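Structure file upload.txt; described as compact mmCIF, C-alpha atoms.
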# COMPACT_ATOMS: atom_id res chain seq x y z
CA MET A 1 17.82 -16.20 0.04
CA PRO A 2 15.37 -13.27 -0.04
CA LEU A 3 14.11 -12.18 -3.41
CA PRO A 4 15.57 -8.88 -4.68
CA ILE A 5 12.52 -6.84 -3.65
CA GLU A 6 13.57 -3.25 -2.91
CA GLY A 7 10.36 -1.94 -1.40
CA ILE A 8 6.76 -1.20 -2.24
CA LEU A 9 6.29 0.80 -5.41
CA GLU A 10 2.50 1.00 -5.49
CA THR A 11 -0.09 1.01 -2.74
CA ALA A 12 -3.76 0.66 -3.67
CA LEU A 13 -6.95 1.94 -2.10
CA TYR A 14 -10.48 1.61 -3.47
CA VAL A 15 -13.24 4.21 -3.62
CA HIS A 16 -16.48 4.74 -5.48
CA ASP A 17 -16.20 8.50 -6.01
CA LEU A 18 -12.96 9.23 -7.85
CA GLU A 19 -13.62 12.97 -7.98
CA ALA A 20 -13.96 13.12 -4.22
CA ALA A 21 -10.76 11.10 -3.93
CA GLU A 22 -8.91 13.50 -6.23
CA ALA A 23 -10.11 16.50 -4.23
CA PHE A 24 -8.96 14.83 -1.04
CA TYR A 25 -5.62 13.29 -1.99
CA GLY A 26 -4.69 15.82 -4.62
CA GLY A 27 -6.35 18.96 -3.28
CA LEU A 28 -6.19 18.63 0.47
CA LEU A 29 -3.15 16.37 0.93
CA GLY A 30 -1.40 17.93 -2.04
CA LEU A 31 -0.28 14.73 -3.76
CA GLU A 32 0.55 15.14 -7.43
CA VAL A 33 -1.81 13.39 -9.86
CA VAL A 34 0.32 11.33 -12.23
CA THR A 35 -2.43 9.80 -14.34
CA LYS A 36 -6.14 9.15 -14.29
CA ALA A 37 -8.79 7.32 -16.28
CA GLU A 38 -12.37 8.49 -15.86
CA GLY A 39 -14.44 6.03 -13.90
CA ARG A 40 -11.50 3.69 -13.28
CA HIS A 41 -8.65 5.30 -11.37
CA VAL A 42 -6.61 8.26 -10.28
CA PHE A 43 -2.95 7.72 -9.35
CA PHE A 44 -0.83 10.00 -7.18
CA ARG A 45 2.90 10.37 -6.71
CA CYS A 46 3.81 9.98 -3.07
CA GLY A 47 7.52 10.36 -2.42
CA PRO A 48 9.36 7.44 -4.04
CA GLY A 49 6.13 5.52 -4.63
CA ILE A 50 2.67 5.74 -6.12
CA LEU A 51 -0.72 5.73 -4.42
CA LEU A 52 -3.24 4.03 -6.68
CA VAL A 53 -6.88 4.91 -6.07
CA PHE A 54 -9.23 2.65 -7.99
CA ASN A 55 -12.95 2.33 -8.49
CA ALA A 56 -13.27 -1.40 -7.87
CA ASP A 57 -16.40 -1.56 -10.03
CA ALA A 58 -14.09 -1.00 -12.99
CA THR A 59 -11.04 -3.02 -11.93
CA ARG A 60 -12.93 -6.19 -11.03
CA SER A 61 -13.58 -6.75 -14.72
CA GLU A 62 -10.28 -6.21 -16.49
CA SER A 63 -9.00 -5.28 -18.90
CA VAL A 64 -11.84 -3.32 -20.38
CA LYS A 65 -10.24 0.07 -20.12
CA THR A 66 -6.53 -0.46 -19.91
CA ASN A 67 -5.52 -2.12 -23.21
CA PHE A 68 -3.06 -4.13 -21.13
CA PRO A 69 -3.49 -7.59 -19.62
CA VAL A 70 -3.75 -6.25 -16.09
CA PRO A 71 -5.33 -8.90 -13.87
CA ALA A 72 -8.61 -8.15 -12.14
CA HIS A 73 -8.61 -6.90 -8.57
CA GLY A 74 -10.81 -4.81 -6.31
CA THR A 75 -12.00 -4.72 -2.73
CA THR A 76 -14.96 -3.49 -0.76
CA GLY A 77 -14.77 -2.11 2.73
CA GLN A 78 -12.35 0.20 4.43
CA GLY A 79 -8.70 -0.23 3.52
CA HIS A 80 -5.70 1.22 5.28
CA ALA A 81 -2.52 3.03 4.35
CA CYS A 82 -0.01 5.00 6.37
CA PHE A 83 1.92 8.01 5.17
CA ARG A 84 5.47 8.60 6.26
CA VAL A 85 5.77 11.97 8.01
CA ALA A 86 8.62 13.44 10.04
CA ARG A 87 7.69 13.82 13.70
CA GLU A 88 7.99 17.59 13.58
CA ASN A 89 5.47 17.77 10.73
CA ILE A 90 2.68 15.66 12.19
CA GLU A 91 1.21 18.59 14.10
CA ALA A 92 1.02 20.72 10.95
CA ILE A 93 -0.79 17.94 9.12
CA ARG A 94 -3.20 17.51 11.98
CA ALA A 95 -3.94 21.24 11.96
CA LYS A 96 -4.57 21.29 8.22
CA LEU A 97 -6.90 18.31 8.41
CA VAL A 98 -8.83 19.82 11.29
CA ALA A 99 -9.12 23.12 9.42
CA ALA A 100 -10.63 21.16 6.52
CA ASP A 101 -13.15 19.50 8.86
CA VAL A 102 -11.48 16.10 8.58
CA GLU A 103 -11.97 14.31 11.86
CA ILE A 104 -8.85 13.08 13.64
CA GLU A 105 -10.08 9.68 14.71
CA ALA A 106 -7.06 8.85 16.85
CA ASP A 107 -3.81 10.53 17.88
CA PHE A 108 -1.45 8.70 20.18
CA CYS A 109 2.11 7.53 20.72
CA TRP A 110 3.13 3.90 20.46
CA PRO A 111 5.26 2.29 23.21
CA ASN A 112 8.43 3.23 21.35
CA GLY A 113 7.38 6.88 21.38
CA ALA A 114 6.44 7.20 17.72
CA ARG A 115 3.31 9.27 17.09
CA SER A 116 0.47 8.26 14.79
CA ILE A 117 -2.62 10.19 13.75
CA TYR A 118 -5.57 8.53 12.03
CA PHE A 119 -8.24 9.98 9.79
CA ARG A 120 -10.39 8.81 6.88
CA ASP A 121 -10.66 9.62 3.21
CA PRO A 122 -14.09 10.43 1.77
CA ALA A 123 -14.62 6.71 1.03
CA GLY A 124 -13.95 5.75 4.64
CA ASN A 125 -10.50 4.26 4.13
CA SER A 126 -8.45 4.53 7.32
CA LEU A 127 -5.40 6.70 6.76
CA GLU A 128 -2.53 7.22 9.14
CA CYS A 129 0.41 9.58 9.32
CA ALA A 130 3.29 8.15 11.31
CA GLU A 131 6.94 8.87 11.80
CA PRO A 132 9.26 6.20 10.41
CA ALA A 133 10.74 5.61 13.87
CA LEU A 134 7.57 3.60 14.53
CA TRP A 135 9.27 0.79 12.63
CA GLY A 136 12.83 1.56 13.55
CA ILE A 137 13.31 3.18 10.17
CA ASP A 138 15.86 5.93 10.12
CA ASP A 139 14.63 9.43 9.34
CA THR A 140 17.23 9.75 6.64
CA GLN A 141 16.27 6.48 4.96
CA ALA A 142 13.96 7.14 2.07
CA MET B 1 1.08 24.05 -0.41
CA PRO B 2 1.43 20.26 -0.29
CA LEU B 3 1.44 18.63 3.10
CA PRO B 4 4.84 17.35 4.26
CA ILE B 5 4.12 13.73 3.31
CA GLU B 6 7.37 11.94 2.47
CA GLY B 7 5.98 8.73 1.07
CA ILE B 8 3.99 5.67 2.01
CA LEU B 9 5.19 3.97 5.17
CA GLU B 10 2.65 1.15 5.39
CA THR B 11 0.74 -0.74 2.71
CA ALA B 12 -2.06 -3.08 3.77
CA LEU B 13 -3.46 -6.27 2.31
CA TYR B 14 -6.13 -8.52 3.80
CA VAL B 15 -6.24 -12.29 4.01
CA HIS B 16 -8.08 -14.94 6.00
CA ASP B 17 -5.20 -17.37 6.46
CA LEU B 18 -2.33 -15.57 8.17
CA GLU B 19 -0.14 -18.68 8.27
CA ALA B 20 -0.41 -19.09 4.52
CA ALA B 21 0.41 -15.39 4.15
CA GLU B 22 3.49 -15.73 6.34
CA ALA B 23 4.70 -18.73 4.36
CA PHE B 24 4.22 -16.79 1.13
CA TYR B 25 5.51 -13.32 1.99
CA GLY B 26 8.05 -14.42 4.55
CA GLY B 27 9.07 -17.82 3.22
CA LEU B 28 8.81 -17.54 -0.53
CA LEU B 29 9.33 -13.80 -1.05
CA GLY B 30 11.78 -13.62 1.83
CA LEU B 31 10.36 -10.54 3.55
CA GLU B 32 11.36 -10.20 7.20
CA VAL B 33 8.55 -10.59 9.73
CA VAL B 34 8.69 -7.59 12.05
CA THR B 35 5.74 -8.42 14.28
CA LYS B 36 2.64 -10.59 14.37
CA ALA B 37 -0.44 -11.17 16.47
CA GLU B 38 -2.16 -14.51 16.16
CA GLY B 39 -5.43 -14.28 14.31
CA ARG B 40 -5.03 -10.57 13.63
CA HIS B 41 -1.96 -9.69 11.59
CA VAL B 42 1.55 -10.36 10.38
CA PHE B 43 3.71 -7.40 9.33
CA PHE B 44 6.74 -7.53 7.05
CA ARG B 45 9.62 -5.16 6.46
CA CYS B 46 9.87 -4.30 2.79
CA GLY B 47 12.73 -1.95 2.01
CA PRO B 48 12.00 1.44 3.61
CA GLY B 49 8.39 0.53 4.33
CA ILE B 50 6.15 -2.07 5.93
CA LEU B 51 3.70 -4.50 4.37
CA LEU B 52 0.79 -5.04 6.73
CA VAL B 53 -1.17 -8.25 6.23
CA PHE B 54 -4.36 -8.30 8.27
CA ASN B 55 -7.19 -10.69 8.90
CA ALA B 56 -10.08 -8.30 8.35
CA ASP B 57 -12.32 -10.36 10.62
CA ALA B 58 -10.17 -9.08 13.49
CA THR B 59 -9.51 -5.51 12.35
CA ARG B 60 -13.13 -4.62 11.56
CA SER B 61 -13.85 -4.64 15.30
CA GLU B 62 -11.07 -2.65 16.92
CA SER B 63 -9.39 -2.39 19.26
CA VAL B 64 -9.95 -5.77 20.84
CA LYS B 65 -6.43 -7.03 20.44
CA THR B 66 -4.22 -4.00 20.13
CA ASN B 67 -4.58 -2.05 23.41
CA PHE B 68 -4.35 1.08 21.27
CA PRO B 69 -7.15 3.18 19.84
CA VAL B 70 -6.51 1.98 16.30
CA PRO B 71 -9.58 2.73 14.17
CA ALA B 72 -11.41 -0.17 12.55
CA HIS B 73 -10.66 -1.11 8.97
CA GLY B 74 -10.83 -4.17 6.76
CA THR B 75 -11.72 -5.13 3.22
CA THR B 76 -13.00 -8.12 1.35
CA GLY B 77 -12.01 -9.01 -2.18
CA GLN B 78 -8.72 -8.95 -3.99
CA GLY B 79 -6.42 -6.04 -3.21
CA HIS B 80 -3.33 -4.97 -5.10
CA ALA B 81 0.22 -3.99 -4.31
CA CYS B 82 3.31 -3.63 -6.45
CA PHE B 83 6.84 -4.37 -5.35
CA ARG B 84 9.73 -2.30 -6.58
CA VAL B 85 12.26 -4.49 -8.39
CA ALA B 86 15.24 -3.54 -10.54
CA ARG B 87 14.74 -4.53 -14.15
CA GLU B 88 17.63 -6.97 -14.09
CA ASN B 89 16.06 -8.82 -11.16
CA ILE B 90 12.56 -9.34 -12.49
CA GLU B 91 13.53 -12.47 -14.40
CA ALA B 92 15.02 -14.06 -11.27
CA ILE B 93 11.84 -13.37 -9.33
CA ARG B 94 9.73 -14.81 -12.11
CA ALA B 95 11.85 -17.95 -12.11
CA LYS B 96 11.57 -18.40 -8.34
CA LEU B 97 7.79 -17.94 -8.43
CA VAL B 98 7.41 -20.42 -11.26
CA ALA B 99 9.61 -22.92 -9.42
CA ALA B 100 7.25 -22.58 -6.45
CA ASP B 101 4.23 -23.21 -8.69
CA VAL B 102 3.01 -19.62 -8.41
CA GLU B 103 1.26 -18.75 -11.65
CA ILE B 104 2.54 -15.71 -13.52
CA GLU B 105 -0.77 -14.17 -14.49
CA ALA B 106 0.69 -11.49 -16.73
CA ASP B 107 4.14 -10.39 -17.90
CA PHE B 108 4.42 -7.45 -20.24
CA CYS B 109 6.10 -4.12 -20.89
CA TRP B 110 4.26 -0.81 -20.62
CA PRO B 111 4.51 1.78 -23.41
CA ASN B 112 7.49 3.39 -21.68
CA GLY B 113 9.33 0.07 -21.73
CA ALA B 114 9.02 -0.79 -18.04
CA ARG B 115 8.30 -4.45 -17.33
CA SER B 116 5.67 -5.72 -14.92
CA ILE B 117 4.89 -9.25 -13.81
CA TYR B 118 1.69 -10.14 -11.96
CA PHE B 119 0.91 -13.03 -9.65
CA ARG B 120 -1.33 -13.69 -6.65
CA ASP B 121 -0.81 -14.38 -2.98
CA PRO B 122 -2.62 -17.36 -1.42
CA ALA B 123 -5.60 -15.11 -0.62
CA GLY B 124 -5.93 -14.00 -4.23
CA ASN B 125 -4.52 -10.50 -3.82
CA SER B 126 -3.02 -9.30 -7.09
CA LEU B 127 0.70 -8.65 -6.68
CA GLU B 128 3.00 -7.03 -9.15
CA CYS B 129 6.74 -6.60 -9.48
CA ALA B 130 7.70 -3.58 -11.54
CA GLU B 131 10.76 -1.53 -12.17
CA PRO B 132 10.55 2.03 -10.83
CA ALA B 133 11.07 3.45 -14.32
CA LEU B 134 7.38 2.62 -14.83
CA TRP B 135 6.65 5.82 -12.95
CA GLY B 136 9.68 7.80 -14.00
CA ILE B 137 11.29 7.03 -10.67
CA ASP B 138 15.04 6.90 -10.74
CA ASP B 139 16.66 3.56 -9.99
CA THR B 140 18.84 5.20 -7.38
CA GLN B 141 15.92 6.87 -5.60
CA ALA B 142 14.87 4.79 -2.65

What does this structure look like when you write it as structure tokens?
Amino acid sequence: MPLPIEGILETALYVHDLEAAEAFYGGLLGLEVVTKAEGRHVFFRCGPGILLVFNADATRSESVKTNFPVPAHGTTGQGHACFRVARENIEAIRAKLVAADVEIEADFCWPNGARSIYFRDPAGNSLECAEPALWGIDDTQA
Amino acid sequence: MPLPIEGILETALYVHDLEAAEAFYGGLLGLEVVTKAEGRHVFFRCGPGILLVFNADATRSESVKTNFPVPAHGTTGQGHACFRVARENIEAIRAKLVAADVEIEADFCWPNGARSIYFRDPAGNSLECAEPALWGIDDTQA
């Protein structure tokens, strides 16, 4: 029997420059900052979930700054996350990214017709905007 | 104005042993495998989103195996993701993990009362199960 897991609540990416990340995710993408700790993290609300952006230099040696027994974690290299975007809104996102000089690294439709665009955050993480139909997920399903 | 981002559709973790990952996420956690490519990835449905588990050795040099212009990505080290679990189900998940000899690395309540448990996948990624109240997210909000 499957475990009663309802979905993913938190998605993590790692950066070195948290201020640049806040300008990008909060300023350009418009995600709401829910909490931040200087030098360690900035967290954003993203629909029914949370995007965690960490400085791995701080999270690899827990729990110095959290006061909670949060286990150590942290990666190097370019991670990936995909935002859920309605098909009719992908073009507007593309236009806003281009206007902000963010390169659209790829823009194509998958065999099932779903469109994806790819770009990078200031740390080089590979971000995607895709319509939920890519995975057979209904547009009305949050 | 915020961009029309509805949430996170895909969350990525990286491993070296995809078979071990499939046994863990698919077998133990019970997530449905939606697609896989030998040596490159195994993807799981997780509520209204998708958990992508990649072998970074394959994704750092795209697009050898995808036939699509998917940009390169890939991390090393221990990533993090948190599953959304109703408070009344966290204990059952803890029990199933313990029965499978998965160590519960931490189990505590945050200042707002929300409970989190932490454990690791076979690759060492730090996983968490938390109730959505941790982030002020309504239990009925998918």

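Among the candidates A:Glu88, A:Glu38, A:Asp101, A:Glu32, the one nearest to Leu18 of chain A when counting all atoms listed in the file is A:Glu38.
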
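Of note, atom CA of Ile137 of chain A and atom CA of Leu51 of chain A are spaced 20.4 Å apart.
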
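For Ile5 of chain B, the list of residues within 7 Å, based on only C-alpha atoms and with local chain neighbours fewer than 5 positions off taken out, reads Phe83, Arg84 and Val85 of chain A.
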
Please measure the separation of atom CA of Ala100 of chain B and atom CA of Ser126 of chain B, giving the value in Å to one decimal.
16.8 Å

Please provide the set of residues having any atom within 12 Å of Thr35 of chain A, restricted to all atoms listed in the file, with same-chain residues fewer than 4 positions apart removed, written as a PyMOL selection string.
(chain A and resi 22+26+31+40-45+50-54) or (chain B and resi 135)

Requested write-out: C-alpha atoms of the selected residues, as a short mmCIF file (atom, residue, chain, number, x, y, z; two decimals), keeping the file's coordinate frame:
data_model
loop_
_atom_site.label_atom_id
_atom_site.label_comp_id
_atom_site.auth_asym_id
_atom_site.auth_seq_id
_atom_site.Cartn_x
_atom_site.Cartn_y
_atom_site.Cartn_z
CA GLU A 22 -8.91 13.50 -6.23
CA GLY A 26 -4.69 15.82 -4.62
CA LEU A 31 -0.28 14.73 -3.76
CA ARG A 40 -11.50 3.69 -13.28
CA HIS A 41 -8.65 5.30 -11.37
CA VAL A 42 -6.61 8.26 -10.28
CA PHE A 43 -2.95 7.72 -9.35
CA PHE A 44 -0.83 10.00 -7.18
CA ARG A 45 2.90 10.37 -6.71
CA ILE A 50 2.67 5.74 -6.12
CA LEU A 51 -0.72 5.73 -4.42
CA LEU A 52 -3.24 4.03 -6.68
CA VAL A 53 -6.88 4.91 -6.07
CA PHE A 54 -9.23 2.65 -7.99
CA TRP B 135 6.65 5.82 -12.95
#

Interface list for chain B, partner chain A, 6 Å threshold, only C-alpha atoms, as an MDAnalysis selection string:
chainID B and resid 2:3 5:12 29:30 46:47 73:85 142

Could you do a least-squares fit of chain B on chain A over every C-alpha atom, in sequence order, and give the output as a PDB file with C-alpha atoms, in the frame of the given file?
ATOM      1  CA  MET B   1      17.805 -16.208   0.022  1.00  0.00           C
ATOM      2  CA  PRO B   2      15.364 -13.286  -0.055  1.00  0.00           C
ATOM      3  CA  LEU B   3      14.098 -12.178  -3.419  1.00  0.00           C
ATOM      4  CA  PRO B   4      15.549  -8.884  -4.679  1.00  0.00           C
ATOM      5  CA  ILE B   5      12.512  -6.824  -3.651  1.00  0.00           C
ATOM      6  CA  GLU B   6      13.566  -3.247  -2.900  1.00  0.00           C
ATOM      7  CA  GLY B   7      10.361  -1.944  -1.405  1.00  0.00           C
ATOM      8  CA  ILE B   8       6.758  -1.207  -2.231  1.00  0.00           C
ATOM      9  CA  LEU B   9       6.290   0.797  -5.405  1.00  0.00           C
ATOM     10  CA  GLU B  10       2.494   0.986  -5.496  1.00  0.00           C
ATOM     11  CA  THR B  11      -0.097   1.007  -2.723  1.00  0.00           C
ATOM     12  CA  ALA B  12      -3.766   0.661  -3.650  1.00  0.00           C
ATOM     13  CA  LEU B  13      -6.961   1.943  -2.096  1.00  0.00           C
ATOM     14  CA  TYR B  14     -10.489   1.619  -3.459  1.00  0.00           C
ATOM     15  CA  VAL B  15     -13.244   4.200  -3.610  1.00  0.00           C
ATOM     16  CA  HIS B  16     -16.487   4.739  -5.496  1.00  0.00           C
ATOM     17  CA  ASP B  17     -16.193   8.487  -6.021  1.00  0.00           C
ATOM     18  CA  LEU B  18     -12.954   9.224  -7.856  1.00  0.00           C
ATOM     19  CA  GLU B  19     -13.615  12.969  -7.987  1.00  0.00           C
ATOM     20  CA  ALA B  20     -13.965  13.121  -4.225  1.00  0.00           C
ATOM     21  CA  ALA B  21     -10.754  11.095  -3.938  1.00  0.00           C
ATOM     22  CA  GLU B  22      -8.899  13.484  -6.229  1.00  0.00           C
ATOM     23  CA  ALA B  23     -10.100  16.488  -4.249  1.00  0.00           C
ATOM     24  CA  PHE B  24      -8.952  14.825  -1.033  1.00  0.00           C
ATOM     25  CA  TYR B  25      -5.616  13.276  -1.987  1.00  0.00           C
ATOM     26  CA  GLY B  26      -4.693  15.814  -4.618  1.00  0.00           C
ATOM     27  CA  GLY B  27      -6.334  18.956  -3.276  1.00  0.00           C
ATOM     28  CA  LEU B  28      -6.188  18.629   0.477  1.00  0.00           C
ATOM     29  CA  LEU B  29      -3.155  16.364   0.924  1.00  0.00           C
ATOM     30  CA  GLY B  30      -1.400  17.930  -2.042  1.00  0.00           C
ATOM     31  CA  LEU B  31      -0.281  14.725  -3.756  1.00  0.00           C
ATOM     32  CA  GLU B  32       0.537  15.140  -7.444  1.00  0.00           C
ATOM     33  CA  VAL B  33      -1.809  13.389  -9.868  1.00  0.00           C
ATOM     34  CA  VAL B  34       0.333  11.337 -12.235  1.00  0.00           C
ATOM     35  CA  THR B  35      -2.414   9.802 -14.348  1.00  0.00           C
ATOM     36  CA  LYS B  36      -6.140   9.137 -14.298  1.00  0.00           C
ATOM     37  CA  ALA B  37      -8.796   7.335 -16.280  1.00  0.00           C
ATOM     38  CA  GLU B  38     -12.363   8.480 -15.862  1.00  0.00           C
ATOM     39  CA  GLY B  39     -14.442   6.029 -13.902  1.00  0.00           C
ATOM     40  CA  ARG B  40     -11.509   3.703 -13.291  1.00  0.00           C
ATOM     41  CA  HIS B  41      -8.649   5.285 -11.372  1.00  0.00           C
ATOM     42  CA  VAL B  42      -6.606   8.261 -10.276  1.00  0.00           C
ATOM     43  CA  PHE B  43      -2.950   7.716  -9.345  1.00  0.00           C
ATOM     44  CA  PHE B  44      -0.825   9.986  -7.171  1.00  0.00           C
ATOM     45  CA  ARG B  45       2.905  10.361  -6.717  1.00  0.00           C
ATOM     46  CA  CYS B  46       3.818   9.984  -3.071  1.00  0.00           C
ATOM     47  CA  GLY B  47       7.527  10.361  -2.425  1.00  0.00           C
ATOM     48  CA  PRO B  48       9.356   7.428  -4.048  1.00  0.00           C
ATOM     49  CA  GLY B  49       6.141   5.504  -4.628  1.00  0.00           C
ATOM     50  CA  ILE B  50       2.664   5.730  -6.111  1.00  0.00           C
ATOM     51  CA  LEU B  51      -0.730   5.733  -4.431  1.00  0.00           C
ATOM     52  CA  LEU B  52      -3.247   4.020  -6.679  1.00  0.00           C
ATOM     53  CA  VAL B  53      -6.885   4.906  -6.065  1.00  0.00           C
ATOM     54  CA  PHE B  54      -9.242   2.652  -7.991  1.00  0.00           C
ATOM     55  CA  ASN B  55     -12.952   2.327  -8.487  1.00  0.00           C
ATOM     56  CA  ALA B  56     -13.279  -1.399  -7.871  1.00  0.00           C
ATOM     57  CA  ASP B  57     -16.396  -1.564 -10.031  1.00  0.00           C
ATOM     58  CA  ALA B  58     -14.074  -0.986 -12.993  1.00  0.00           C
ATOM     59  CA  THR B  59     -11.041  -3.023 -11.929  1.00  0.00           C
ATOM     60  CA  ARG B  60     -12.936  -6.203 -11.025  1.00  0.00           C
ATOM     61  CA  SER B  61     -13.589  -6.753 -14.737  1.00  0.00           C
ATOM     62  CA  GLU B  62     -10.276  -6.213 -16.482  1.00  0.00           C
ATOM     63  CA  SER B  63      -8.989  -5.241 -18.883  1.00  0.00           C
ATOM     64  CA  VAL B  64     -11.832  -3.274 -20.393  1.00  0.00           C
ATOM     65  CA  LYS B  65     -10.228   0.114 -20.098  1.00  0.00           C
ATOM     66  CA  THR B  66      -6.513  -0.456 -19.910  1.00  0.00           C
ATOM     67  CA  ASN B  67      -5.501  -2.135 -23.203  1.00  0.00           C
ATOM     68  CA  PHE B  68      -3.048  -4.151 -21.118  1.00  0.00           C
ATOM     69  CA  PRO B  69      -3.485  -7.596 -19.622  1.00  0.00           C
ATOM     70  CA  VAL B  70      -3.760  -6.244 -16.089  1.00  0.00           C
ATOM     71  CA  PRO B  71      -5.319  -8.916 -13.865  1.00  0.00           C
ATOM     72  CA  ALA B  72      -8.607  -8.141 -12.140  1.00  0.00           C
ATOM     73  CA  HIS B  73      -8.618  -6.895  -8.575  1.00  0.00           C
ATOM     74  CA  GLY B  74     -10.827  -4.823  -6.316  1.00  0.00           C
ATOM     75  CA  THR B  75     -12.011  -4.724  -2.733  1.00  0.00           C
ATOM     76  CA  THR B  76     -14.966  -3.492  -0.776  1.00  0.00           C
ATOM     77  CA  GLY B  77     -14.774  -2.112   2.729  1.00  0.00           C
ATOM     78  CA  GLN B  78     -12.348   0.202   4.422  1.00  0.00           C
ATOM     79  CA  GLY B  79      -8.693  -0.235   3.520  1.00  0.00           C
ATOM     80  CA  HIS B  80      -5.690   1.225   5.285  1.00  0.00           C
ATOM     81  CA  ALA B  81      -2.520   3.035   4.357  1.00  0.00           C
ATOM     82  CA  CYS B  82      -0.011   5.000   6.382  1.00  0.00           C
ATOM     83  CA  PHE B  83       1.917   8.006   5.171  1.00  0.00           C
ATOM     84  CA  ARG B  84       5.464   8.609   6.269  1.00  0.00           C
ATOM     85  CA  VAL B  85       5.760  11.973   8.021  1.00  0.00           C
ATOM     86  CA  ALA B  86       8.610  13.443  10.051  1.00  0.00           C
ATOM     87  CA  ARG B  87       7.683  13.840  13.690  1.00  0.00           C
ATOM     88  CA  GLU B  88       7.991  17.608  13.565  1.00  0.00           C
ATOM     89  CA  ASN B  89       5.471  17.760  10.719  1.00  0.00           C
ATOM     90  CA  ILE B  90       2.681  15.668  12.178  1.00  0.00           C
ATOM     91  CA  GLU B  91       1.216  18.593  14.098  1.00  0.00           C
ATOM     92  CA  ALA B  92       1.031  20.725  10.941  1.00  0.00           C
ATOM     93  CA  ILE B  93      -0.791  17.958   9.104  1.00  0.00           C
ATOM     94  CA  ARG B  94      -3.201  17.521  11.977  1.00  0.00           C
ATOM     95  CA  ALA B  95      -3.929  21.239  11.948  1.00  0.00           C
ATOM     96  CA  LYS B  96      -4.577  21.303   8.197  1.00  0.00           C
ATOM     97  CA  LEU B  97      -6.914  18.303   8.413  1.00  0.00           C
ATOM     98  CA  VAL B  98      -8.839  19.826  11.290  1.00  0.00           C
ATOM     99  CA  ALA B  99      -9.122  23.122   9.411  1.00  0.00           C
ATOM    100  CA  ALA B 100     -10.650  21.168   6.520  1.00  0.00           C
ATOM    101  CA  ASP B 101     -13.148  19.507   8.873  1.00  0.00           C
ATOM    102  CA  VAL B 102     -11.476  16.105   8.584  1.00  0.00           C
ATOM    103  CA  GLU B 103     -11.981  14.298  11.870  1.00  0.00           C
ATOM    104  CA  ILE B 104      -8.860  13.086  13.650  1.00  0.00           C
ATOM    105  CA  GLU B 105     -10.070   9.669  14.713  1.00  0.00           C
ATOM    106  CA  ALA B 106      -7.064   8.843  16.861  1.00  0.00           C
ATOM    107  CA  ASP B 107      -3.811  10.526  17.894  1.00  0.00           C
ATOM    108  CA  PHE B 108      -1.450   8.683  20.179  1.00  0.00           C
ATOM    109  CA  CYS B 109       2.115   7.531  20.722  1.00  0.00           C
ATOM    110  CA  TRP B 110       3.152   3.887  20.468  1.00  0.00           C
ATOM    111  CA  PRO B 111       5.260   2.276  23.210  1.00  0.00           C
ATOM    112  CA  ASN B 112       8.441   3.225  21.353  1.00  0.00           C
ATOM    113  CA  GLY B 113       7.390   6.872  21.387  1.00  0.00           C
ATOM    114  CA  ALA B 114       6.433   7.206  17.723  1.00  0.00           C
ATOM    115  CA  ARG B 115       3.309   9.270  17.092  1.00  0.00           C
ATOM    116  CA  SER B 116       0.470   8.269  14.794  1.00  0.00           C
ATOM    117  CA  ILE B 117      -2.618  10.193  13.764  1.00  0.00           C
ATOM    118  CA  TYR B 118      -5.570   8.529  12.040  1.00  0.00           C
ATOM    119  CA  PHE B 119      -8.247   9.983   9.801  1.00  0.00           C
ATOM    120  CA  ARG B 120     -10.399   8.820   6.891  1.00  0.00           C
ATOM    121  CA  ASP B 121     -10.649   9.622   3.215  1.00  0.00           C
ATOM    122  CA  PRO B 122     -14.091  10.421   1.763  1.00  0.00           C
ATOM    123  CA  ALA B 123     -14.627   6.711   1.035  1.00  0.00           C
ATOM    124  CA  GLY B 124     -13.948   5.746   4.638  1.00  0.00           C
ATOM    125  CA  ASN B 125     -10.489   4.268   4.128  1.00  0.00           C
ATOM    126  CA  SER B 126      -8.467   4.530   7.326  1.00  0.00           C
ATOM    127  CA  LEU B 127      -5.398   6.699   6.777  1.00  0.00           C
ATOM    128  CA  GLU B 128      -2.542   7.220   9.141  1.00  0.00           C
ATOM    129  CA  CYS B 129       0.412   9.569   9.334  1.00  0.00           C
ATOM    130  CA  ALA B 130       3.299   8.147  11.315  1.00  0.00           C
ATOM    131  CA  GLU B 131       6.931   8.876  11.807  1.00  0.00           C
ATOM    132  CA  PRO B 132       9.257   6.194  10.424  1.00  0.00           C
ATOM    133  CA  ALA B 133      10.751   5.610  13.873  1.00  0.00           C
ATOM    134  CA  LEU B 134       7.579   3.591  14.523  1.00  0.00           C
ATOM    135  CA  TRP B 135       9.264   0.788  12.624  1.00  0.00           C
ATOM    136  CA  GLY B 136      12.839   1.550  13.538  1.00  0.00           C
ATOM    137  CA  ILE B 137      13.313   3.186  10.165  1.00  0.00           C
ATOM    138  CA  ASP B 138      15.868   5.934  10.106  1.00  0.00           C
ATOM    139  CA  ASP B 139      14.620   9.428   9.349  1.00  0.00           C
ATOM    140  CA  THR B 140      17.227   9.776   6.640  1.00  0.00           C
ATOM    141  CA  GLN B 141      16.288   6.504   4.939  1.00  0.00           C
ATOM    142  CA  ALA B 142      13.971   7.186   2.059  1.00  0.00           C
TER     143      ALA B 142
END

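When all atoms listed in the file are used to compute distances to Arg115 of chain B, the closest of the residues B:Glu19, B:Gly39, B:Ala133, B:Asn67 turns out to be B:Ala133.
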
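Across the structure, atom CA of Asp121 of chain B and atom CA of Asp121 of chain A are spaced 26.7 Å apart.
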